[in-house]
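Asker: Handing you this structure, nothing more for now.
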Amino acid sequence: MKVSYSWLKDYVDTKIDPKKIAHLLTMAGVNVASCENVGGDYIFELEITANRPDCLSVLGVARELAALLGKSLKVPKDLRDGKKQKAQSKKQKPSFNITLNNPELCFRYTARIIKDVEVGPSPDWLKNRIISVGLRPVNNIVDITNFVLFETGQPLHAFDLDRIKEGIIIRRAASDEKIITIDNIPRTMTNDTLVIADGSEPIAIAGVMGGLKTEVSNMTKNILLESAFFDPISVRRTSRALGIASESSYRFERKINNGMVVKASERACELITEIAKGEKGEFFDVGKKTSYSKNINLSIKKTNSLLGVTIKKNEAIKILKALGFSVSGKNNFLKIAVPGFREDVKNDINVIEEIARIYGYERIPVTIPRIVGNTTIKEPISLFQEKLSHALIRLGLNEIITYALINRNKIKGLDVPPDQIVAIKNPLSIDQEIMRPTLLPGMLETISYNFNRRAKQLSLFEIGKTYKEKGNSYVEEPVLSIGLAGIKRDNWRSHKQGYDFFDIKGVLEKLLDESGLKGVVFKKGSIPGFNKNITSIVEQNGDIVGHLGEVSKAECGKFDIEKDVFYAEIYITKLFKKISLSKKYASFGRYPSIVRDVSMVMDKSVTSQELENIIKEIGKDLVKDISLADCYKGKQIPENKRALLYRIEYRSDEKTLEDSEVDRLHSDIKTTLSEKLHISFR
């Protein structure tokens, strides 16, 4: 928000250098982003936080400055407390009807009739005020409403009364109802849009922008001056949905002060009758009349204890009164009435903060706390995620972090049910349409980005959340994703070798083994978006805990990736329920082991997991290791078969095994493999 130095001086008597004022305001929490000399005046560019809508007005900033300088705030007589405006008596028959259909969206609506106005150019002083805040002067009526908006923070709107038919109705718009706003752009509204309408059509979008039909022009003679209090959430939704941002909507979105609704109307009315020669008419006021109020008890002893300084009672009272609070009380206890424009002040700690920032943070000494609290204990699942991260880093992978909001097109082909997608109603861009249901798009985008910058070897992982809608609730699930792509190694001996399925399977096996997860099996399965011949489902005791495989060329093509990409996704919550983080250490075997090779010919449908399960079942504790030593493909092997050489290590923890024992056991294993899997031996 822009505020001019000369305008501030209308309310605070000061000759202090503007740059010093900018520093004082910033140190007190009203951040001045810049202070520039424009045409002999200084313009402050303010960045006001959402909890301080009272500072979205020149008067509000002047109040802060007056409190900091110890000066009195000069409030225009029309805005002072005590002056009450009489609304149209119910006994009198009104000449104009105001109907409030939706009080939950419009808490209060006032309308003032002003007749016989002379619409024309504004006087120079008013033009200068309007220009100083970055607006363009239009005419005296519009300029006055803008002047009062910036002065008080209360949005106003003037309608051409003669163009309004059959009174005012504050209602929801009909679905697809249209209006042409004052910027001459047709707008299509929904049932969520609150409008100001007359008997035939909408004449303004409530809290956002007026309509072209009732715009004040040089031909206007009678006006209806609106001052209202609209629901902040409703105004924000309407502003975002229609793509309109105005000075009025900006203030309504942050919640205005109901106590200023009538005062601002009276202020504008006085200026109109003075500048445009208008004559006051009837005044209508419907809806909630009360504003925010809160009584807080404050201990001066507690204030000084928290701040670490000694602030006298009279000094605290002076600060609070300067900020608009009413203060009374005896001894070291104060009873404080919070003004309606300070809805952010809700307890004594908030009041102490007000005292501290005006007193000056720089005057509070820096000390070491007497008591250092205990550090927060992390949740077990968070510790588990850290262990996974550290384990993957030890394996040579690099961690990435991707956006949770993605483009809807990036999940096409992954067969995510539409009713499970969490969509954003008003996304900031097309790339932030939905919450990601999987981490795959983020991984592929990162791989594509690095390949385009000539990266050759990519071994990446991410621990993040996926989001899905189930029924009437939303589910956030922590997920681990792993992606391998590019050249695994490139040297004189092995030359260029790319990653393959067994590399990512090996990473998962190592990771699951370190997590203490037993009974894990890798089964063939069909996964949308993956090569159907190179995929696997990760199961533990019949429960799916993840999947892995080669990403399909179609999915890679969406991200301009030409190389093979191998991807795995593990569901951390399911994994966490099954793992054992306790470590048990065992000594190396005291007795020698015996190794036997077995060369087998089997159907391609037989999985390595099935074969190993049978070997372990027959060999029991004596089988210490099973490894694939060789894979042979040649003319001697039928097309639907494959030849594998497995190496089995036998060892007892209690004695030295004899060859006869091992031979007998090895023979039993071969017999069982032949019977159950129809394997032949070479």
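By convention here, the chains of the structure tokens are called A, B, ... in the order presented, each chain's residues are numbered starting at 1, and ligands are numbered starting at 1 in the order presented.
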Tell me, which residues of segment 285-362 of chain A carry DSSP alpha helix (DSSP H), written as a PyMOL selection string?

Answerer: chain A and resi 300-307+313-322+348-359

Asker: Could you list, as a list in words, every residue within 9 Å of Ala28 of chain A, counting only C-alpha atoms and ignoring same-chain residues fewer than 2 positions away?

Answerer: His23, Leu24, Leu25, Thr26, Val30, Asn31, Glu64, Leu68, Glu354, Ala356, Arg357, Ile358, Tyr359, Gly360 and Tyr361 of chain A

Asker: Using only C-alpha atoms, determine which residues lie at most 12 Å from His390 of chain A, disregarding the query and same-chain residues fewer than 5 positions distant; provide the list as a list in words.

Answerer: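 The contact residues come out as Leu383, Phe384, Gln385, Leu395, Gly396, Leu397, Asn398, Glu399, Phe461, Glu462, Ile463, Leu511, Glu514 and Ser515 of chain A.
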
Asker: I need the residues from that last selection saved to file as an mmCIF file, in the first residue's frame (with C-alpha atoms), if you can.

Answerer:
```
data_model
loop_
_atom_site.group_PDB
_atom_site.id
_atom_site.type_symbol
_atom_site.label_atom_id
_atom_site.label_comp_id
_atom_site.auth_asym_id
_atom_site.auth_seq_id
_atom_site.Cartn_x
_atom_site.Cartn_y
_atom_site.Cartn_z
ATOM 1 C CA LEU A 383 13.208 -41.231 12.556
ATOM 2 C CA PHE A 384 12.545 -44.167 10.244
ATOM 3 C CA GLN A 385 12.403 -41.843 7.234
ATOM 4 C CA LEU A 395 24.349 -46.567 -1.331
ATOM 5 C CA GLY A 396 25.363 -43.610 -3.508
ATOM 6 C CA LEU A 397 21.955 -42.082 -4.272
ATOM 7 C CA ASN A 398 21.211 -38.356 -4.242
ATOM 8 C CA GLU A 399 18.118 -36.908 -2.588
ATOM 9 C CA PHE A 461 15.534 -40.773 -4.381
ATOM 10 C CA GLU A 462 12.806 -38.698 -2.772
ATOM 11 C CA ILE A 463 10.834 -39.053 0.430
ATOM 12 C CA LEU A 511 17.317 -51.160 1.915
ATOM 13 C CA GLU A 514 18.764 -52.933 6.611
ATOM 14 C CA SER A 515 15.212 -52.156 7.789
#
```

Asker: Show which residues sit within 10 Å of Ile482 of chain A, as a short mmCIF file (atom, residue, chain, number, x, y, z; two decimals) with N, CA and C atoms, in the first residue's frame. Count only C-alpha atoms, and ignore same-chain residues fewer than 3 positions away.

Answerer:
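around03.cif was written with the following content:
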```cif
data_model
loop_
_atom_site.label_atom_id
_atom_site.label_comp_id
_atom_site.auth_asym_id
_atom_site.auth_seq_id
_atom_site.Cartn_x
_atom_site.Cartn_y
_atom_site.Cartn_z
N LEU A 392 20.12 -44.78 1.87
CA LEU A 392 20.19 -44.57 0.42
C LEU A 392 21.38 -43.69 0.05
N LEU A 397 23.05 -42.81 -3.64
CA LEU A 397 21.96 -42.08 -4.27
C LEU A 397 21.92 -40.64 -3.78
N ASN A 398 21.34 -39.78 -4.58
CA ASN A 398 21.21 -38.36 -4.24
C ASN A 398 19.74 -38.03 -3.99
N GLU A 399 19.50 -37.25 -2.95
CA GLU A 399 18.12 -36.91 -2.59
C GLU A 399 17.63 -35.72 -3.39
N ILE A 400 16.37 -35.76 -3.81
CA ILE A 400 15.74 -34.65 -4.50
C ILE A 400 14.46 -34.26 -3.77
N LEU A 439 4.76 -40.00 -6.83
CA LEU A 439 5.98 -39.21 -6.96
C LEU A 439 6.65 -39.39 -8.32
N LEU A 440 6.09 -40.25 -9.17
CA LEU A 440 6.72 -40.54 -10.46
C LEU A 440 6.89 -39.31 -11.35
N MET A 443 9.86 -37.28 -10.26
CA MET A 443 11.13 -37.97 -10.53
C MET A 443 11.50 -37.86 -12.00
N SER A 459 21.22 -41.38 -10.09
CA SER A 459 20.69 -42.31 -9.09
C SER A 459 20.07 -41.44 -8.00
N LEU A 460 18.74 -41.35 -7.99
CA LEU A 460 18.02 -40.36 -7.20
C LEU A 460 16.98 -41.02 -6.30
N PHE A 461 16.64 -40.33 -5.22
CA PHE A 461 15.53 -40.77 -4.38
C PHE A 461 14.84 -39.56 -3.78
N GLU A 462 13.59 -39.75 -3.42
CA GLU A 462 12.81 -38.70 -2.77
C GLU A 462 11.89 -39.32 -1.73
N ILE A 463 11.80 -38.68 -0.59
CA ILE A 463 10.83 -39.05 0.43
C ILE A 463 9.83 -37.90 0.54
N ILE A 504 18.00 -51.62 -9.56
CA ILE A 504 17.04 -51.00 -8.64
C ILE A 504 16.46 -52.05 -7.69
N VAL A 507 19.01 -52.35 -4.92
CA VAL A 507 18.92 -51.22 -3.97
C VAL A 507 17.80 -51.47 -2.98
N LEU A 508 16.64 -51.91 -3.49
CA LEU A 508 15.50 -52.18 -2.61
C LEU A 508 15.80 -53.33 -1.65
N LEU A 548 8.11 -51.76 -8.44
CA LEU A 548 9.28 -51.28 -9.17
C LEU A 548 9.23 -51.79 -10.59
N PHE A 566 14.47 -46.64 -14.57
CA PHE A 566 13.98 -47.67 -13.65
C PHE A 566 13.55 -46.97 -12.36
N TYR A 567 12.35 -47.31 -11.94
CA TYR A 567 11.71 -46.56 -10.86
C TYR A 567 11.10 -47.50 -9.84
N ALA A 568 11.18 -47.13 -8.58
CA ALA A 568 10.56 -47.90 -7.50
C ALA A 568 9.83 -46.94 -6.57
N GLU A 569 8.72 -47.42 -6.00
CA GLU A 569 7.95 -46.62 -5.05
C GLU A 569 7.57 -47.51 -3.88
N ILE A 570 7.91 -47.08 -2.68
CA ILE A 570 7.65 -47.85 -1.46
C ILE A 570 6.73 -47.04 -0.55
#
```

Asker: Where in segment 410-586 of chain A does DSSP assign strand (DSSP E or B), given as a PyMOL selection string?

Answerer: chain A and resi 422-423+434-435+457-470+473-491+495-498+520-523+530-540+543-551+565-571

Asker: With a distance cut-off of 8 Å and only C-alpha atoms, select the neighbouring residues of segment 165-180 of chain A, excluding the residue or stretch itself and same-chain residues fewer than 2 positions from it, and output the selection as a ChimeraX atom specification.

Answerer: /A:96-102,106,162-163,182-200,202-204,211-213

Asker: Create the file for the chosen residues now, containing C-alpha atoms and written as a JSON list (two decimals), in the first residue's frame.

Answerer:
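Heads up, here's the output in out24.json:
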```
[["chain", "number", "residue", "atom", "x", "y", "z"],
["A", 96, "PHE", "CA", -36.20, 3.03, -1.24],
["A", 97, "ASN", "CA", -36.07, -0.68, -0.34],
["A", 98, "ILE", "CA", -32.94, -2.52, 0.92],
["A", 99, "THR", "CA", -33.31, -6.33, 1.04],
["A", 100, "LEU", "CA", -30.57, -8.48, 2.59],
["A", 101, "ASN", "CA", -31.09, -12.07, 1.42],
["A", 102, "ASN", "CA", -27.77, -13.52, 2.59],
["A", 106, "CYS", "CA", -23.06, -9.61, 4.03],
["A", 162, "ASP", "CA", -31.66, 7.02, -11.15],
["A", 163, "ARG", "CA", -30.45, 3.87, -12.92],
["A", 182, "ILE", "CA", -16.89, -0.76, -14.71],
["A", 183, "ASP", "CA", -13.77, -1.88, -16.60],
["A", 184, "ASN", "CA", -16.18, -2.72, -19.48],
["A", 185, "ILE", "CA", -15.49, -6.48, -19.28],
["A", 186, "PRO", "CA", -18.38, -8.99, -19.27],
["A", 187, "ARG", "CA", -18.22, -11.35, -16.28],
["A", 188, "THR", "CA", -19.99, -14.69, -15.82],
["A", 189, "MET", "CA", -20.78, -15.50, -12.21],
["A", 190, "THR", "CA", -21.67, -18.60, -10.23],
["A", 191, "ASN", "CA", -24.01, -19.26, -7.35],
["A", 192, "ASP", "CA", -21.10, -18.62, -4.95],
["A", 193, "THR", "CA", -20.86, -14.97, -6.07],
["A", 194, "LEU", "CA", -22.56, -12.35, -3.90],
["A", 195, "VAL", "CA", -23.99, -9.47, -5.91],
["A", 196, "ILE", "CA", -25.72, -6.16, -5.36],
["A", 197, "ALA", "CA", -28.77, -6.21, -7.59],
["A", 198, "ASP", "CA", -31.76, -4.08, -8.33],
["A", 199, "GLY", "CA", -35.16, -5.44, -9.33],
["A", 200, "SER", "CA", -33.98, -6.67, -12.71],
["A", 202, "PRO", "CA", -26.92, -7.35, -10.81],
["A", 203, "ILE", "CA", -25.42, -3.86, -10.60],
["A", 204, "ALA", "CA", -22.20, -4.73, -8.69],
["A", 211, "GLY", "CA", -21.19, -2.55, -12.62],
["A", 212, "LEU", "CA", -21.08, -0.37, -15.74],
["A", 213, "LYS", "CA", -24.86, 0.12, -15.76]]
```

Asker: Restricting the calculation to only C-alpha atoms: of A:Ser389, A:Leu575, A:Ile401, A:Phe681, which residue gets closest to Glu477 of chain A?

Answerer: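 Between A:Ser389, A:Leu575, A:Ile401, A:Phe681, the residue approaching Glu477 of chain A most closely is A:Leu575.
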
Asker: Give me, as CSV, the closest atom pair and its distance (Å, one decimal) for every residue of segment 470-497 of chain A within a cut-off of 12 Å of segment 541-547 of chain A, counting only C-alpha atoms, rows sorted by chain and rising number.

Answerer:
```
residue,atom,partner,partner_atom,distance
A:Val479,CA,A:Gly546,CA,9.2
A:Leu480,CA,A:Gly546,CA,9.1
A:Ser481,CA,A:Gly546,CA,9.6
A:Ile482,CA,A:His547,CA,10.5
```

Asker: Determine, using only C-alpha atoms, which residues of segment 113-167 of chain A have any atom at most 10 Å from an atom of segment 246-255 of chain A, and tabulate each with its shortest atom pair and distance in Å to one decimal place, rows ordered by chain and then rising number, as a Markdown table.

Answerer:
```
| residue | atom | partner | partner_atom | distance |
| --- | --- | --- | --- | --- |
| A:Asn146 | CA | A:Glu247 | CA | 9.0 |
| A:Leu149 | CA | A:Ser248 | CA | 7.8 |
| A:Phe150 | CA | A:Glu247 | CA | 8.8 |
| A:Gly153 | CA | A:Arg251 | CA | 6.9 |
| A:Gln154 | CA | A:Arg251 | CA | 7.6 |
| A:Pro155 | CA | A:Ser248 | CA | 5.2 |
| A:Leu156 | CA | A:Ser248 | CA | 7.9 |
| A:His157 | CA | A:Ser248 | CA | 9.3 |
```

Asker: Save out the residues we just selected, N, CA and C atoms, as a short mmCIF file (atom, residue, chain, number, x, y, z; two decimals), in the first residue's frame.

Answerer:
```
data_model
loop_
_atom_site.label_atom_id
_atom_site.label_comp_id
_atom_site.auth_asym_id
_atom_site.auth_seq_id
_atom_site.Cartn_x
_atom_site.Cartn_y
_atom_site.Cartn_z
N ASN A 146 -12.76 6.95 -3.19
CA ASN A 146 -11.40 6.41 -3.13
C ASN A 146 -10.59 7.07 -2.02
N LEU A 149 -11.72 5.58 1.21
CA LEU A 149 -11.22 4.20 1.30
C LEU A 149 -9.79 4.17 1.82
N PHE A 150 -8.91 5.00 1.23
CA PHE A 150 -7.51 5.01 1.67
C PHE A 150 -7.35 5.68 3.03
N GLY A 153 -9.73 2.89 5.35
CA GLY A 153 -9.67 1.45 5.14
C GLY A 153 -11.03 0.84 4.87
N GLN A 154 -12.09 1.66 4.81
CA GLN A 154 -13.45 1.19 4.56
C GLN A 154 -13.81 1.42 3.09
N PRO A 155 -14.01 0.34 2.30
CA PRO A 155 -14.40 0.51 0.90
C PRO A 155 -15.81 1.11 0.78
N LEU A 156 -15.98 1.98 -0.19
CA LEU A 156 -17.27 2.60 -0.50
C LEU A 156 -17.54 2.45 -1.99
N HIS A 157 -18.81 2.58 -2.36
CA HIS A 157 -19.15 2.58 -3.78
C HIS A 157 -20.35 3.48 -4.01
#
```

Asker: Compile the contact shell of Ile534 of chain A as an NGL selection string: residues with an atom at most 12 Å away, counting only C-alpha atoms, same-chain residues fewer than 4 positions apart removed.

Answerer: :A and (500-502 or 504-505 or 522-530 or 547-552 or 564-568)

Asker: If we count only C-alpha atoms, what is near segment 585-590 of chain A at a cut-off of 12 Å, once residues fewer than 3 positions away on the same chain are taken out, given as a PDB file with N, CA and C atoms, in the first residue's frame?

Answerer:
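This is the output file out_38.pdb:
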```pdb
ATOM      1  N   SER A 582      15.367 -52.769  15.737  1.00  0.00           N
ATOM      2  CA  SER A 582      16.356 -53.294  16.689  1.00  0.00           C
ATOM      3  C   SER A 582      17.373 -54.141  15.928  1.00  0.00           C
ATOM      4  N   SER A 593      32.619 -73.636   5.365  1.00  0.00           N
ATOM      5  CA  SER A 593      31.437 -73.861   4.532  1.00  0.00           C
ATOM      6  C   SER A 593      31.811 -74.711   3.326  1.00  0.00           C
ATOM      7  N   LEU A 622      20.976 -74.728   7.229  1.00  0.00           N
ATOM      8  CA  LEU A 622      22.289 -75.080   6.678  1.00  0.00           C
ATOM      9  C   LEU A 622      22.595 -74.300   5.395  1.00  0.00           C
ATOM     10  N   LYS A 624      23.287 -71.053   3.792  1.00  0.00           N
ATOM     11  CA  LYS A 624      23.657 -69.714   4.244  1.00  0.00           C
ATOM     12  C   LYS A 624      23.591 -68.673   3.133  1.00  0.00           C
ATOM     13  N   TYR A 650      26.687 -74.025   1.957  1.00  0.00           N
ATOM     14  CA  TYR A 650      26.180 -74.769   3.116  1.00  0.00           C
ATOM     15  C   TYR A 650      27.152 -74.581   4.282  1.00  0.00           C
ATOM     16  N   ARG A 651      26.572 -74.354   5.464  1.00  0.00           N
ATOM     17  CA  ARG A 651      27.433 -74.256   6.656  1.00  0.00           C
ATOM     18  C   ARG A 651      26.590 -74.482   7.895  1.00  0.00           C
ATOM     19  N   SER A 652      27.176 -75.157   8.864  1.00  0.00           N
ATOM     20  CA  SER A 652      26.516 -75.380  10.154  1.00  0.00           C
ATOM     21  C   SER A 652      27.158 -74.483  11.197  1.00  0.00           C
ATOM     22  N   ASP A 653      26.324 -73.973  12.104  1.00  0.00           N
ATOM     23  CA  ASP A 653      26.837 -73.147  13.196  1.00  0.00           C
ATOM     24  C   ASP A 653      27.284 -73.992  14.388  1.00  0.00           C
ATOM     25  N   GLU A 654      27.130 -75.319  14.284  1.00  0.00           N
ATOM     26  CA  GLU A 654      27.420 -76.193  15.426  1.00  0.00           C
ATOM     27  C   GLU A 654      28.580 -77.165  15.184  1.00  0.00           C
ATOM     28  N   LYS A 655      28.869 -77.468  13.913  1.00  0.00           N
ATOM     29  CA  LYS A 655      29.924 -78.458  13.627  1.00  0.00           C
ATOM     30  C   LYS A 655      30.418 -78.294  12.201  1.00  0.00           C
ATOM     31  N   THR A 656      31.460 -79.055  11.881  1.00  0.00           N
ATOM     32  CA  THR A 656      31.975 -79.094  10.513  1.00  0.00           C
ATOM     33  C   THR A 656      31.173 -80.110   9.715  1.00  0.00           C
ATOM     34  N   LEU A 657      30.608 -79.652   8.610  1.00  0.00           N
ATOM     35  CA  LEU A 657      29.802 -80.541   7.788  1.00  0.00           C
ATOM     36  C   LEU A 657      30.700 -81.513   6.999  1.00  0.00           C
TER      37      LEU A 657
END
```

Asker: Which of these residues is nearest to Asn407 of chain A, using only C-alpha atoms: A:Glu45, A:Glu433, A:Asp503, A:Glu118?

Answerer: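 For Asn407 of chain A, the nearest of the candidates is A:Glu433.
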
Asker: Quick one: of A:Glu555, A:Asp663, A:Glu539, A:Glu47, who's nearest to Val32 of chain A, counting only C-alpha atoms?

Answerer: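 Closest to Val32 of chain A of all the choices is A:Glu47.
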
Asker: In Å, how far is it from atom CA of Lys221 of chain A to atom CA of Thr152 of chain A?

Answerer: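 A separation of 26.1 Å between them.
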
Asker: From the options A:Met435, A:Val286, A:Val521, A:Ile377, which residue's atoms come nearest to Pro103 of chain A, counting only C-alpha atoms?

Answerer: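 Distance minimum relative to Pro103 of chain A lands on A:Val286.
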
Asker: When distances are computed from only C-alpha atoms, which of A:Lys633, A:Arg237, A:Arg63, A:Lys468 shows the smallest separation from Val12 of chain A?

Answerer: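 Closest to Val12 of chain A of all the choices is A:Arg63.
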
Asker: Pick from A:Ser239, A:Leu79, A:Ser382, A:Ser132: nearest to Gly259 of chain A, with only C-alpha atoms counted?

Answerer: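 Using only C-alpha atoms, Gly259 of chain A sits closest to A:Leu79.
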